[in-house]
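Novice: The following block contains the structure, expressed as structure tokens.
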Amino acid sequence: MLYSIRLRISYDYDSPADVGRHLLRIMPASIPGVQEVQEARLLCRPVPAEQLERVDFFGNTCTEIAYRTPLEETVFEMEARVERLPSEPGLDVSPPPERLAQQIAEVPSVAGHAPQSYLPVSPRVPQNAEIAAWAAGVVEGAETVLAQVMAVTRALHRDMAFDATATMVDTPLEEAFALRRGVCQDFTHIQICALRSLGIPAGYVSGFLRTLPPEGQERLEGADAMHAWVRAWCGKDMGWVEVDPTNDMPAGTDHVVIARGRDYFDVAPVKGSMRLAGGQRTSQAVDMEAV
């Protein structure tokens, strides 16, 4: 499936902002066997005084920019054509849950893609006893690791409602879980917490979701902005599997990956600092269409 994708993120300041430095993760990733970026461009307005690209610990492409003059507004625009390759669901060859810890221990790596990096707590996903108890209940009877992952995905979709007004970008996961309402970021953080409590390595994927569904299909939740979903390590034979708890589905040809990390902290589209007095307003617009 070939997509044309456009993203616009803007910031307006009450008074001119001075001396800013940002780290952007908004460019789609080229992932062998998953997706191919045919073309992509990033436009920053005003033009930064400095701009360079690098790859972070998790293998994501980052763009570092710096401003040295006062700004009333900053705008980041990305346009890309990305082919999302088809994938077959395949058989469940994940191990029984009691064998997963041994398989994790047998992976001789602590790199950004290794399962060991996705088991401990991370900046936005602490341990939570209530979520752990909930997860233990919903996976009863699941005989494989993948079956546990899918059970949590289904249960979270069943027990939580998508509500774009219920939470903010910095809402703690325990608050969103107590409300049983939130956006894709909340669904994703809660599922990561639940899976880690079960001993399953889990991380965060940021990306885009098809804006307009095929004819006759319902529109997916979270398509109006950048989307988020979960990746879980399901053993040495199955590896990483990606699921979308907001929509109760495996991540597939409707999903285009930007970045992967432990949680939102690792993949936030815009991070950095500016010197300013007064407030700021931000807006985001996404358009992803099949071509």
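Residues in the structure tokens are numbered from 1 in each chain, the chains being A, B, ... in the order shown, and ligands are numbered from 1 in the order shown.
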Identify, with DSSP run on backbone atoms, the residues in range 58-264 of chain A assigned to helix (DSSP H, G or I), and express the list as a ChimeraX atom specification.
Specialist: /A:97-105,115-118,129-138,145-159,173-179,184-197,264
Novice: Got a sec: who's within 7 Å of Gln51 in chain A, counting only C-alpha atoms, leaving out chain neighbours fewer than 2 positions off, as an NGL selection string?
Specialist: :A and (48-49 or 63-66)
Novice: As an MDAnalysis selection string, which residues of range 162-259 of chain A does DSSP assign to strand (DSSP E)?
Specialist: chainID A and resid 162 181:182 202:209 227:233 240:244 249:250 255:259
Novice: I'd like to know which of A:Gln38, A:Gln284, A:Gln116, A:Thr69 is closest to Val82 in chain A, using only C-alpha atoms.
Specialist: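 Nearest candidate to Val82 in chain A out of A:Gln38, A:Gln284, A:Gln116, A:Thr69: A:Gln38.
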Novice: Please determine, counting only C-alpha atoms, which residue among A:Ala285, A:Ala111, A:Val75, A:Ile258 has the shortest atom-to-atom distance to Met27 in chain A.
Specialist: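 Looking only at the distances to Met27 in chain A, the closest residue turns out to be A:Ile258.
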Novice: State, in Å with one decimal place, the distance from CA of Val110 in chain A to CA of Phe58 in chain A.
Specialist: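 Straight-line distance from CA of Val110 in chain A to CA of Phe58 in chain A works out to 10.9 Å.
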Novice: Fewer than 4 positions away in the same chain doesn't count, so skip those; otherwise give me all residues within 9 Å of Lys271 in chain A, counting only C-alpha atoms, as a list in words.
Specialist: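 The contact residues come out as Arg21, His22, Leu23, Leu24, Arg25 and Phe265 of chain A.
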Novice: Taking into account only C-alpha atoms, which residue in the set A:Cys184, A:Val139, A:Leu156, A:Met150 is nearest to Val169 in chain A?
Specialist: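 Smallest distance to Val169 in chain A is found for A:Cys184.
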Novice: Between A:Ser197, A:Arg84, A:Phe208, A:Glu174, which residue has the minimum interatomic distance to Gly137 in chain A, considering only C-alpha atoms?
Specialist: A:Ser197
Novice: Record the distance separating CA of Pro108 in chain A and CA of Gly199 in chain A, expressed in Å with one decimal.
Specialist: 17.9 Å
Novice: What lies within 10 Å of Asp56 in chain A using only C-alpha atoms, ignoring chain neighbours under 5 positions off, as a PDB file with N, CA and C atoms, in the first residue's frame?
Specialist:
```
ATOM      1  N   THR A  61      15.691   7.895  13.206  1.00  0.00           N
ATOM      2  CA  THR A  61      16.276   9.091  12.614  1.00  0.00           C
ATOM      3  C   THR A  61      15.789  10.328  13.362  1.00  0.00           C
ATOM      4  N   CYS A  62      16.724  11.154  13.797  1.00  0.00           N
ATOM      5  CA  CYS A  62      16.408  12.389  14.523  1.00  0.00           C
ATOM      6  C   CYS A  62      16.989  13.578  13.768  1.00  0.00           C
ATOM      7  N   GLY A 112      19.486  -1.281  21.461  1.00  0.00           N
ATOM      8  CA  GLY A 112      18.177  -0.666  21.448  1.00  0.00           C
ATOM      9  C   GLY A 112      17.068  -1.556  20.954  1.00  0.00           C
ATOM     10  N   GLY A 261      10.507   3.093  20.632  1.00  0.00           N
ATOM     11  CA  GLY A 261      11.258   3.303  21.860  1.00  0.00           C
ATOM     12  C   GLY A 261      10.570   2.636  23.028  1.00  0.00           C
ATOM     13  N   ASP A 266      10.822   8.541  24.567  1.00  0.00           N
ATOM     14  CA  ASP A 266      11.874   8.216  23.597  1.00  0.00           C
ATOM     15  C   ASP A 266      11.531   8.625  22.177  1.00  0.00           C
ATOM     16  N   VAL A 267      10.252   8.835  21.869  1.00  0.00           N
ATOM     17  CA  VAL A 267       9.854   9.043  20.474  1.00  0.00           C
ATOM     18  C   VAL A 267       9.030  10.314  20.269  1.00  0.00           C
TER      19      VAL A 267
END
```
Novice: Would you list the contacts of Ala101 in chain A as a list of chain:residue names, taking every protein, DNA or RNA residue within 10 Å and counting only C-alpha atoms, but skipping same-chain residues closer than 6 positions in sequence?
Specialist: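 Residues near the query, excluding close chain neighbours: A:Gly199, A:Ile200, A:Pro201, A:Gly235.
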Novice: Would you save the residues from that selection as a short mmCIF file (atom, residue, chain, number, x, y, z; two decimals), in the first residue's frame, using all heavy atoms?
Specialist:
```
data_model
loop_
_atom_site.label_atom_id
_atom_site.label_comp_id
_atom_site.auth_asym_id
_atom_site.auth_seq_id
_atom_site.Cartn_x
_atom_site.Cartn_y
_atom_site.Cartn_z
N GLY A 199 5.98 -9.87 32.49
CA GLY A 199 7.30 -10.34 32.06
C GLY A 199 7.50 -10.30 30.57
O GLY A 199 8.46 -10.91 30.05
N ILE A 200 6.64 -9.60 29.83
CA ILE A 200 6.74 -9.50 28.37
C ILE A 200 7.37 -8.17 28.00
O ILE A 200 6.82 -7.11 28.34
CB ILE A 200 5.35 -9.61 27.71
CG1 ILE A 200 4.68 -10.94 28.10
CG2 ILE A 200 5.46 -9.48 26.19
CD1 ILE A 200 3.24 -11.05 27.62
N PRO A 201 8.52 -8.15 27.32
CA PRO A 201 9.12 -6.89 26.89
C PRO A 201 8.16 -6.14 25.96
O PRO A 201 7.61 -6.73 25.03
CB PRO A 201 10.38 -7.33 26.14
CG PRO A 201 10.69 -8.70 26.68
CD PRO A 201 9.35 -9.32 26.96
N GLY A 235 9.16 -13.89 22.05
CA GLY A 235 10.03 -15.07 22.02
C GLY A 235 10.99 -15.07 20.86
O GLY A 235 10.86 -14.31 19.90
#
```
Novice: Which of these, A:Asp287, A:Glu175, A:Glu140, A:Glu218, has the shortest distance to Arg8 in chain A once you count only C-alpha atoms?
Specialist: A:Asp287
